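Worksheet: one structure, shown below.
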Amino acid sequence: MKSHIGLIGLAVMGQNLALNIARKGYKVSVYNRTAQRTEMFVKNRVRNEEIEAHYDIKKFVESLEKPRKIILMVKAGKPVDDTISQLLPYLEPGDLIIDGGNSHYMDTERRYEELSKKGILFLGMGVSGGERGALHGPSLMPGGSKEAYALVEEILLKIAAKTDDGPCCTYVGERSAGHFVKMVHNGIEYTIMQAIAEIYHIMRDVMKLVPEEMSQIFEEWNKGELNSFLIEITYKILRKKDEETGRPMVDVILDKAEQKGTGKWTSQAALDLGIPTPSINLAVVERIISHFKNERVKLSKLYNKKRNTVQKSDNLIKDLENALFFAMLAAFSQGMWLIAEASEEFNYNIDLPEVLRIWKGGCIIRARLIDTIRKHVSYNNAYLLGSKEMISLLEDRLDSLKRVLRMAVDNEIPVPAMSSAYNYFMSMTEEKLPANLIQAQRDFFGAHMFQRIDKEGVFHIDWEEGEIV
Ligand code: NBP
């Protein structure tokens, strides 16, 4: 019997996704560039699942029922192009390749074009949820043609995470829409992680709490409006002990945050499309700063931080909870706005509430807050601030955020995610920004023209008469 589907790339994600598909009753053929990885997978993880391992890519393709459906879970970038090139000689028009990696949406756009010309269907599919998600139910964000999606819809809906609003998979939109949405998902993820880290920083260095105490606070928060996967893993992380030293695990981890690029790509796309995503941008920048460990150590000897201890109190904990909620909402606001703009600019035809629905389960940014946001998001209100209820949600927490920011400033703690959330809200709700002065400066030195408030048209004036001869 031929396999229903094939999967290439048996690292963490590929192994778990293959097992997930097989456990839903499908026969899966698998292939990996390095044979040893395939052998280890079969030996260590495959039990009763119908998984057929192949060590020759031609035989792998021949083992699949037609039209062939092949998921790639290889490293993003050149490995995806290499794998597609290796597959192409054995594929026929109507066959489908699904790239489940974190590919850049522009690469997906190019591959979609190139494969369409050959009659090969292509889906760029964001997969979120890490290895556990891949095994037990990820959030799936496939984009491409509807015809391609129809070929695998049944399988994808079965393997996706389930919530009270259905499986966390939907046809996201045209061409590279799926990878664009996954990229922004990761941008939001970076921002929420940064905001949580800032709260942790305050707890550690101002409130002088030990990780166990922090863990209890995060666990309590997870029962309320902050309920989310990232808060849940944070309280679990904070109570974990290092087996070697007995110290809290978090205390023995070096403070250098890595990144694979999706956060940076989100900021780049936002800057290109002209959408403000300051909190996402700063979350990326803060990871970059974290890398300069040697420099930070040197500079910390040249500058003594003025830092006091602030005692833990119920009011302070409530303020921190509210500030974190504010920052989380700002992250979603910026991300959804970017998706809406990209959808219009690139004709993706993305259904914004549907995107939020498939983020309710399986993925890293799943959060109770999404239910609230979903009720308000639309193309007229993609940035979410356009409804009175959303504004009230933020306004109700504004005093808390201000107190937390003041405390951070007074104690010289960097809080880029929270302060950018504040500035984003304040700029967006400011009727008259000082940009009139910037326009005047631009016109002064570059004759860039400006608009007036009292009549139509663009204008340039001689700011210093007689200077240019
Ligand atoms: P990696 O991103 O670490 O990629 C390893 C896989 O890529 C291996 O199967 C490796 O084969 C294969 N590969 C490489 Br490297 N170069 C290749 C080439 N030139 N030709 C063919 N195969 C090649 O694996 P992962 O962490 O499982 O992630 C897979 C994809 O899913 C990535 O795009 C990742 O960004 C995305 N993703 C990961 C997560 C996560 O939590 N890890 C979550 C969501 C999405 P080899 O065995 O021969 O070296």
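Chain identifiers are assigned as A, B, and so on, following the order in which chains appear in the structure tokens; residues are numbered from 1 within each chain, and ligands are numbered from 1 in order of appearance.
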Residues contacting ligand 1 - anything with an atom at most 10 Å away, using only C-alpha atoms and all ligand atoms - can you give me those as a PyMOL selection string?
chain A and resi 8-17+31-38+72-86+99-104+125-134+138-140+182+186+260-262+363-364
Residue contacts of Lys402 of chain A (10 Å, only C-alpha atoms) excluding same-chain residues fewer than 6 positions away, as a list in words:
Asp319, Ala323, Ala408, Met418, Ser419 and Tyr422 of chain A
Would you pick out the contacts of segment 224-235 of chain A at 6 Å or less, using only C-alpha atoms, so that residues sharing its chain but fewer than 4 positions from it are not included, and give the list as a list in words?
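My reading of the contact set: Ser215, Phe218, Glu219, Arg366, Ala367 and Arg368 of chain A.
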Write a file of the just-selected residues containing N, CA and C atoms, as an mmCIF file, in the first residue's frame.
data_model
loop_
_atom_site.group_PDB
_atom_site.id
_atom_site.type_symbol
_atom_site.label_atom_id
_atom_site.label_comp_id
_atom_site.auth_asym_id
_atom_site.auth_seq_id
_atom_site.Cartn_x
_atom_site.Cartn_y
_atom_site.Cartn_z
ATOM 1 N N SER A 215 7.766 32.296 40.743
ATOM 2 C CA SER A 215 7.000 31.223 40.121
ATOM 3 C C SER A 215 5.558 31.209 40.650
ATOM 4 N N PHE A 218 3.605 34.070 39.039
ATOM 5 C CA PHE A 218 3.248 33.773 37.642
ATOM 6 C C PHE A 218 2.171 32.684 37.577
ATOM 7 N N GLU A 219 2.263 31.723 38.488
ATOM 8 C CA GLU A 219 1.266 30.646 38.485
ATOM 9 C C GLU A 219 -0.111 31.207 38.812
ATOM 10 N N ARG A 366 -0.544 31.330 22.304
ATOM 11 C CA ARG A 366 -1.933 31.099 22.720
ATOM 12 C C ARG A 366 -2.150 31.759 24.084
ATOM 13 N N ALA A 367 -3.302 32.428 24.191
ATOM 14 C CA ALA A 367 -3.561 33.214 25.398
ATOM 15 C C ALA A 367 -5.053 33.478 25.514
ATOM 16 N N ARG A 368 -5.532 33.559 26.732
ATOM 17 C CA ARG A 368 -6.948 33.846 26.959
ATOM 18 C C ARG A 368 -7.350 35.170 26.316
#
I need the residue nearest Gly362 of chain A from this list: A:Met40, A:Ile57, A:Ala160, A:Val28. Use only C-alpha atoms for the distance.
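So, comparing all the options, the nearest one is A:Ala160.
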Dump as a Markdown table the rows for residues of segment 261-287 of chain A within 12 Å of segment 237-257 of chain A: closest atom pair and distance in Å with one decimal, only C-alpha atoms counted, ordered by chain and rising residue number.
| residue | atom | partner | partner_atom | distance |
| --- | --- | --- | --- | --- |
| A:Ala283 | CA | A:Ala257 | CA | 10.6 |
| A:Val284 | CA | A:Ala257 | CA | 9.7 |
| A:Val285 | CA | A:Ala257 | CA | 10.7 |
| A:Glu286 | CA | A:Ala257 | CA | 8.7 |
| A:Arg287 | CA | A:Ala257 | CA | 5.3 |
Write out as a list of chain:residue names each polymer residue whose atoms come within 12 Å of Leu88 of chain A, counting only C-alpha atoms; drop sequence neighbours fewer than 5 positions from it.
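The residues satisfying every condition are A:Ile57, A:Lys58, A:Val61, A:Arg68, A:Ile70, A:Asp81, A:Asp82, A:Thr83, A:Pro93, A:Asp95, A:Leu96, A:Ile97, A:Glu114, A:Leu115, A:Lys118, A:Gly119, A:Ile120, A:Leu121.
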Filtering to C-alpha atoms, could you give me those residues as a PDB file, in the first residue's frame?
ATOM      1  CA  ILE A  57      14.670  10.113  -2.416  1.00  0.00           C
ATOM      2  CA  LYS A  58      13.419   8.515  -5.670  1.00  0.00           C
ATOM      3  CA  VAL A  61       8.628   9.671  -3.904  1.00  0.00           C
ATOM      4  CA  ARG A  68       1.838  13.087  -3.969  1.00  0.00           C
ATOM      5  CA  ILE A  70       5.218  15.951   0.689  1.00  0.00           C
ATOM      6  CA  ASP A  81      15.635  24.924  -2.212  1.00  0.00           C
ATOM      7  CA  ASP A  82      18.086  22.001  -2.246  1.00  0.00           C
ATOM      8  CA  THR A  83      15.381  19.557  -1.180  1.00  0.00           C
ATOM      9  CA  PRO A  93       2.118  18.133 -12.273  1.00  0.00           C
ATOM     10  CA  ASP A  95       1.805  16.877  -6.860  1.00  0.00           C
ATOM     11  CA  LEU A  96       2.042  19.025  -3.740  1.00  0.00           C
ATOM     12  CA  ILE A  97       4.997  20.261  -1.690  1.00  0.00           C
ATOM     13  CA  GLU A 114       8.659  28.730  -9.778  1.00  0.00           C
ATOM     14  CA  LEU A 115       6.720  25.590  -8.850  1.00  0.00           C
ATOM     15  CA  LYS A 118       6.001  23.474 -13.440  1.00  0.00           C
ATOM     16  CA  GLY A 119       2.447  22.565 -12.410  1.00  0.00           C
ATOM     17  CA  ILE A 120       3.584  21.612  -8.902  1.00  0.00           C
ATOM     18  CA  LEU A 121       1.318  22.789  -6.085  1.00  0.00           C
TER      19      LEU A 121
END
Take atom CA of Glu431 of chain A and atom CA of Leu352 of chain A and report the distance between them in Å, one decimal.
27.2 Å
Please provide as number ranges by chain all residues within 10 Å of Phe450 of chain A, with the sequence filter that same-chain residues fewer than 2 positions apart are discarded (counting only C-alpha atoms).
A: 436, 438-443, 447-448, 452-453, 457-461
Using only C-alpha atoms, determine which residues lie at most 7 Å from Thr266 of chain A, disregarding the query and same-chain residues fewer than 4 positions distant; provide the list as a PyMOL selection string.
chain A and resi 183-184+187+262+270
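Here atom CA of Leu209 of chain A is placed at a distance of 11.9 Å from atom CA of Ile317 of chain A.
Closest approach to Thr170 of chain A among A:Pro353, A:Gly94, A:Gly386, A:Pro416 is made by A:Pro353 (distances from only C-alpha atoms).
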Ile350 of chain A environment, 10 Å, only C-alpha atoms, sequence neighbours closer than 4 positions dropped, as a ChimeraX atom specification:
/A:143,171-174,177-178,181,339-340,342-344,354-355,379
Residues just named, written with C-alpha atoms as a PDB file, in the first residue's frame:
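What landed in out.pdb:
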ATOM      1  CA  GLY A 143      -0.987  29.551   2.677  1.00  0.00           C
ATOM      2  CA  TYR A 171      -6.541  28.201   4.924  1.00  0.00           C
ATOM      3  CA  VAL A 172      -4.738  31.451   5.745  1.00  0.00           C
ATOM      4  CA  GLY A 173      -4.574  33.046   2.314  1.00  0.00           C
ATOM      5  CA  GLU A 174      -2.866  33.317  -1.050  1.00  0.00           C
ATOM      6  CA  ALA A 177       0.254  34.355   3.459  1.00  0.00           C
ATOM      7  CA  GLY A 178       0.846  31.383   5.773  1.00  0.00           C
ATOM      8  CA  VAL A 181       1.335  35.129   9.433  1.00  0.00           C
ATOM      9  CA  ILE A 339      -0.911  41.292   8.974  1.00  0.00           C
ATOM     10  CA  ALA A 340      -3.836  43.420   7.800  1.00  0.00           C
ATOM     11  CA  ALA A 342       0.356  42.852   4.280  1.00  0.00           C
ATOM     12  CA  SER A 343      -2.924  41.215   3.302  1.00  0.00           C
ATOM     13  CA  GLU A 344      -3.997  44.342   1.443  1.00  0.00           C
ATOM     14  CA  GLU A 354      -9.674  33.314  11.695  1.00  0.00           C
ATOM     15  CA  VAL A 355      -5.958  33.915  12.277  1.00  0.00           C
ATOM     16  CA  TYR A 379      -9.887  45.454   8.587  1.00  0.00           C
TER      17      TYR A 379
END
Check the smallest atom-to-atom distance from each of A:Ile413, A:Leu19, A:Ala382, A:Leu338 to Met203 of chain A using only C-alpha atoms, then report the winner.
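Result for the nearest residue to Met203 of chain A: A:Ile413.
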Of the listed residues A:Lys305, A:His4, A:His291, A:Leu87, that which approaches Asp205 of chain A most closely, counting only C-alpha atoms
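Closest to Asp205 of chain A of all the choices is A:Lys305.
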Work out how far apart atom CA of Leu433 of chain A and atom CA of Glu389 of chain A are and give it in Å to one decimal.
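Distance reported for this atom pair: 24.1 Å.
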